[in-house]
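Asks: My structure is below; once you've seen it, I'll send some questions.
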Amino acid sequence: METTMSFAVEPLNDETVIVRIGKALDFRNAADFKTACQDQVRDGMRNFILDFSETGILDSTGLGSIFSLYRQVSPLEGQVVFAAVSRPVQVVVQLTRTYKVFRQFPSVEAAREALS
Amino acid sequence: MTFGEYQFRDLDAVIDGVHALFEQWQQEIGPHPVLDEIALEQTKLAVHEWIANLVQHAEFGDREPEISLAVVPNGCAFECAIKDNSEGFDLHEHLLGKSIEEAFPERGMGLLIMQACTNNLRYSRLEGGGHHLEFIVSAGSDPWVNIPF
């Protein structure tokens with residue numbers, strides 16, 4: 001497992017990676033998230049499972065950084081999916097209707113099975 | 001209950017301080033006949049977006065930053081006020097008639113999220129300096145922000 005400043009990144013295979021978001025994805029660490037994900041895309045990763053099980057804060061800047069990731073991987077036929085979405089994250093998902101874009105799974109394991 | 005007014009002076013610590021308060025309030029409310037936890041989450045999100053705006057963009061000159069947050073339950077709503085001693089923003093310039101044109105935008109969603117979550121959003125200059133943002137978040141609403149996909 002590779003740990004960035006804020007995020008733990010776990011490759012599942014050559015194309016899929018789990019990103020453990022941790023307590024917050026907001027204006028304070030969104031740039032770190034973008035850098036971590038760009039590095040993964042550069043290494044050939046296309047599918048991202050974002051684990052929100054511990055996440056108490058997702059703000060507009062954090063969401064923007066997820067949109068940035070989506071814009072990178074969608075031309076490569078990659079996916080960004082949400083797993084174990086906490087209530088604060090669900091409020092943002094509902095408010096922005098992003099459930100239309102990012103598939104949600106009750107657990108990382110469920111996301112992993114769906115993407116394998 | 002510990003709802004009330006709280007002061008913050010450290011811009012590096014204010015976000016964590018605010019979230020710690022909301023965690024406490026969420027525990028205090030628990031299952032409640034009128035107030036709902038989603039409304040408190042929406043209140044937290046709106047407060048976070050505004051304070052993030054202050055931390056990133058506000059000019060405090062040579063003054064020590066002062067931010068105060070008051071959240072008070074009232075019926076089935078939360079009334080919220082945030083005061084600060086910054087030079088302020090032209091909020092109406094940023095909000096009025098604004099929409100997002102770009103698909104999957106990286107920026108520009110914060111104020112729209114605030115506007116969507118809240119009612120009676122008012123921003124004014126305080127006599128003697130500083131600024132005051134007030135809003136209400138009502139339980140049972142299903143707000144949304146129109147983001148192009």
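Quick note on naming: the chains in the structure tokens go A, B, ... in the order shown, residues restart at 1 in each chain, and ligands are numbered from 1 in order of appearance.
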Running DSSP on the backbone, which parts of chain A land in strand (DSSP E), as a PyMOL selection string?
Replies: chain A and resi 2-3+8-11+16-20+24-25+47-51+57-58+79-83+104-105
Asks: Write the residues you've just listed into a file as a compact mmCIF listing (two decimals), in the first residue's frame, and include N, CA and C atoms for each of them.
Replies:
```
# COMPACT_ATOMS: atom_id res chain seq x y z
N GLU A 2 0.51 2.17 -0.86
CA GLU A 2 1.27 3.41 -0.98
C GLU A 2 0.49 4.51 -0.26
N THR A 3 1.16 5.28 0.59
CA THR A 3 0.45 6.34 1.30
C THR A 3 0.95 7.70 0.85
N ALA A 8 -4.42 6.87 1.27
CA ALA A 8 -3.81 5.56 1.07
C ALA A 8 -4.30 5.03 -0.26
N VAL A 9 -3.38 4.58 -1.08
CA VAL A 9 -3.71 4.11 -2.43
C VAL A 9 -3.32 2.63 -2.52
N GLU A 10 -4.30 1.78 -2.84
CA GLU A 10 -4.06 0.34 -2.89
C GLU A 10 -4.37 -0.19 -4.29
N PRO A 11 -3.37 -0.55 -5.06
CA PRO A 11 -3.65 -1.15 -6.37
C PRO A 11 -4.30 -2.52 -6.20
N THR A 16 -6.94 -1.12 -11.78
CA THR A 16 -7.89 -0.68 -10.75
C THR A 16 -7.19 -0.40 -9.44
N VAL A 17 -7.60 0.69 -8.81
CA VAL A 17 -6.97 1.09 -7.57
C VAL A 17 -8.05 1.55 -6.57
N ILE A 18 -7.78 1.27 -5.30
CA ILE A 18 -8.67 1.79 -4.23
C ILE A 18 -7.98 3.00 -3.63
N VAL A 19 -8.72 4.10 -3.50
CA VAL A 19 -8.19 5.28 -2.82
C VAL A 19 -8.99 5.47 -1.53
N ARG A 20 -8.32 5.33 -0.41
CA ARG A 20 -8.98 5.54 0.89
C ARG A 20 -8.95 7.04 1.17
N ALA A 24 -11.19 13.65 5.29
CA ALA A 24 -11.66 14.82 4.53
C ALA A 24 -11.10 14.83 3.12
N LEU A 25 -11.93 15.29 2.19
CA LEU A 25 -11.44 15.67 0.87
C LEU A 25 -12.02 17.06 0.64
N ASN A 47 -9.41 2.58 -13.40
CA ASN A 47 -10.61 2.46 -12.55
C ASN A 47 -10.27 2.82 -11.11
N PHE A 48 -11.06 3.71 -10.55
CA PHE A 48 -10.79 4.21 -9.20
C PHE A 48 -11.98 3.92 -8.30
N ILE A 49 -11.72 3.19 -7.22
CA ILE A 49 -12.74 2.98 -6.17
C ILE A 49 -12.41 3.94 -5.04
N LEU A 50 -13.29 4.89 -4.80
CA LEU A 50 -13.06 5.86 -3.74
C LEU A 50 -13.77 5.38 -2.48
N ASP A 51 -13.01 5.10 -1.44
CA ASP A 51 -13.56 4.58 -0.18
C ASP A 51 -13.84 5.76 0.75
N ILE A 57 -15.92 14.98 5.69
CA ILE A 57 -15.98 16.24 4.93
C ILE A 57 -15.71 15.97 3.45
N LEU A 58 -16.67 16.32 2.61
CA LEU A 58 -16.43 16.44 1.16
C LEU A 58 -17.00 17.79 0.77
N GLN A 79 -13.36 4.16 -14.99
CA GLN A 79 -14.51 4.48 -14.14
C GLN A 79 -14.04 5.06 -12.80
N VAL A 80 -14.89 5.89 -12.24
CA VAL A 80 -14.71 6.34 -10.86
C VAL A 80 -15.98 5.92 -10.12
N VAL A 81 -15.82 5.11 -9.08
CA VAL A 81 -17.00 4.68 -8.32
C VAL A 81 -16.81 5.02 -6.84
N PHE A 82 -17.96 5.17 -6.16
CA PHE A 82 -17.94 5.53 -4.74
C PHE A 82 -18.29 4.28 -3.91
N ALA A 83 -17.56 4.07 -2.82
CA ALA A 83 -17.85 2.93 -1.95
C ALA A 83 -18.01 3.39 -0.51
N GLN A 104 -22.48 3.93 -7.01
CA GLN A 104 -22.20 3.78 -5.58
C GLN A 104 -22.36 2.33 -5.17
N PHE A 105 -21.49 1.90 -4.26
CA PHE A 105 -21.54 0.55 -3.73
C PHE A 105 -21.53 0.61 -2.21
```
Asks: Should the cut-off be 6 Å, what would the residue list for chain B against chain A look like, counting only C-alpha atoms, as a list in words?
Replies: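 The selection requested is Phe104, Glu106, Met109, Gly110, Pro143, Trp144 and Val145 of chain B.
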Asks: Could you give me the residues within chain A that DSSP places in alpha helix (DSSP H), as number ranges by chain?
Replies: A: 30-42, 60-73, 87-96, 108-115
Asks: Set the distance at 9 Å and use only C-alpha atoms: which residues neighbour stretch 123-133 of chain B once local chain neighbours fewer than 6 positions away are removed? I'd like the list as a PyMOL selection string.
Replies: chain B and resi 50+80-89+91-92
Asks: Grab the residues selected above and save them as a PDB file, in the first residue's frame with N, CA and C atoms.
Replies:
```
ATOM      1  N   TRP B  50     -18.595  28.500   3.388  1.00  0.00           N
ATOM      2  CA  TRP B  50     -18.354  29.925   3.625  1.00  0.00           C
ATOM      3  C   TRP B  50     -17.020  30.143   4.339  1.00  0.00           C
ATOM      4  N   CYS B  80     -28.470  30.287  11.283  1.00  0.00           N
ATOM      5  CA  CYS B  80     -27.018  30.336  11.325  1.00  0.00           C
ATOM      6  C   CYS B  80     -26.516  31.741  11.046  1.00  0.00           C
ATOM      7  N   ALA B  81     -25.496  32.170  11.764  1.00  0.00           N
ATOM      8  CA  ALA B  81     -24.870  33.465  11.514  1.00  0.00           C
ATOM      9  C   ALA B  81     -23.357  33.313  11.617  1.00  0.00           C
ATOM     10  N   ILE B  82     -22.669  33.883  10.640  1.00  0.00           N
ATOM     11  CA  ILE B  82     -21.198  33.862  10.648  1.00  0.00           C
ATOM     12  C   ILE B  82     -20.717  35.302  10.504  1.00  0.00           C
ATOM     13  N   LYS B  83     -19.977  35.757  11.500  1.00  0.00           N
ATOM     14  CA  LYS B  83     -19.401  37.112  11.433  1.00  0.00           C
ATOM     15  C   LYS B  83     -17.892  36.998  11.254  1.00  0.00           C
ATOM     16  N   ASP B  84     -17.332  37.978  10.563  1.00  0.00           N
ATOM     17  CA  ASP B  84     -15.873  37.993  10.444  1.00  0.00           C
ATOM     18  C   ASP B  84     -15.404  39.441  10.342  1.00  0.00           C
ATOM     19  N   ASN B  85     -14.133  39.646  10.580  1.00  0.00           N
ATOM     20  CA  ASN B  85     -13.587  41.006  10.531  1.00  0.00           C
ATOM     21  C   ASN B  85     -12.748  41.246   9.274  1.00  0.00           C
ATOM     22  N   SER B  86     -13.083  40.520   8.210  1.00  0.00           N
ATOM     23  CA  SER B  86     -12.349  40.713   6.951  1.00  0.00           C
ATOM     24  C   SER B  86     -12.908  41.919   6.193  1.00  0.00           C
ATOM     25  N   GLU B  87     -12.287  42.188   5.054  1.00  0.00           N
ATOM     26  CA  GLU B  87     -12.774  43.295   4.230  1.00  0.00           C
ATOM     27  C   GLU B  87     -13.991  42.900   3.398  1.00  0.00           C
ATOM     28  N   GLY B  88     -14.332  41.625   3.403  1.00  0.00           N
ATOM     29  CA  GLY B  88     -15.582  41.185   2.792  1.00  0.00           C
ATOM     30  C   GLY B  88     -15.499  40.939   1.301  1.00  0.00           C
ATOM     31  N   PHE B  89     -16.648  40.536   0.751  1.00  0.00           N
ATOM     32  CA  PHE B  89     -16.743  40.182  -0.666  1.00  0.00           C
ATOM     33  C   PHE B  89     -17.968  40.857  -1.267  1.00  0.00           C
ATOM     34  N   LEU B  91     -20.689  39.591  -2.592  1.00  0.00           N
ATOM     35  CA  LEU B  91     -21.348  38.297  -2.718  1.00  0.00           C
ATOM     36  C   LEU B  91     -22.378  38.291  -3.843  1.00  0.00           C
ATOM     37  N   HIS B  92     -23.095  39.392  -3.992  1.00  0.00           N
ATOM     38  CA  HIS B  92     -24.145  39.425  -5.017  1.00  0.00           C
ATOM     39  C   HIS B  92     -23.540  39.358  -6.411  1.00  0.00           C
TER      40      HIS B  92
END
```
Asks: Can you tell me which residues surround B:Val71 at a distance of at most 8 Å, considering only C-alpha atoms, apart from same-chain residues fewer than 2 positions away, and format the answer as a list in words?
Replies: Phe3, Gly4, Glu5, Leu69, Pro73, Phe78, Glu79, Cys80 and Ala81 of chain B
Asks: Mind checking which residues fall within 7 Å of stretch 43-46 of chain B, counting only C-alpha atoms, ignoring those fewer than 3 positions away in the same chain, and posting them as a PyMOL selection string?
Replies: chain B and resi 22+39-40+49-50+114+117+137
Asks: Which value, in Å to one decimal, gives the distance between atom CA of B:Ala139 and atom CA of B:Ala77?
Replies: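 We find that atom CA of B:Ala139 and atom CA of B:Ala77 lie 5.6 Å from each other.
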Asks: If you count only C-alpha atoms, which residues fall within 8 Å of B:Ala103, apart from same-chain ones fewer than 2 positions away, as a PyMOL selection string?
Replies: chain B and resi 100-101+105+147-149
Asks: Please compute the atom CA of A:Ser6-atom CA of A:Asp39 distance, one decimal, in Å.
Replies: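 Separation of atom CA of A:Ser6 and atom CA of A:Asp39: 14.4 Å.
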Asks: Tell me, in Å to one decimal, how far atom CA of A:Pro75 is from atom CA of A:Pro106.
Replies: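 Separation between atom CA of A:Pro75 and atom CA of A:Pro106: 26.3 Å.
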Asks: Excluding same-chain residues fewer than 5 positions from B:Gln24, what lies within 9 Å of it counting only C-alpha atoms, as a ChimeraX atom specification?
Replies: /B:2,19,29
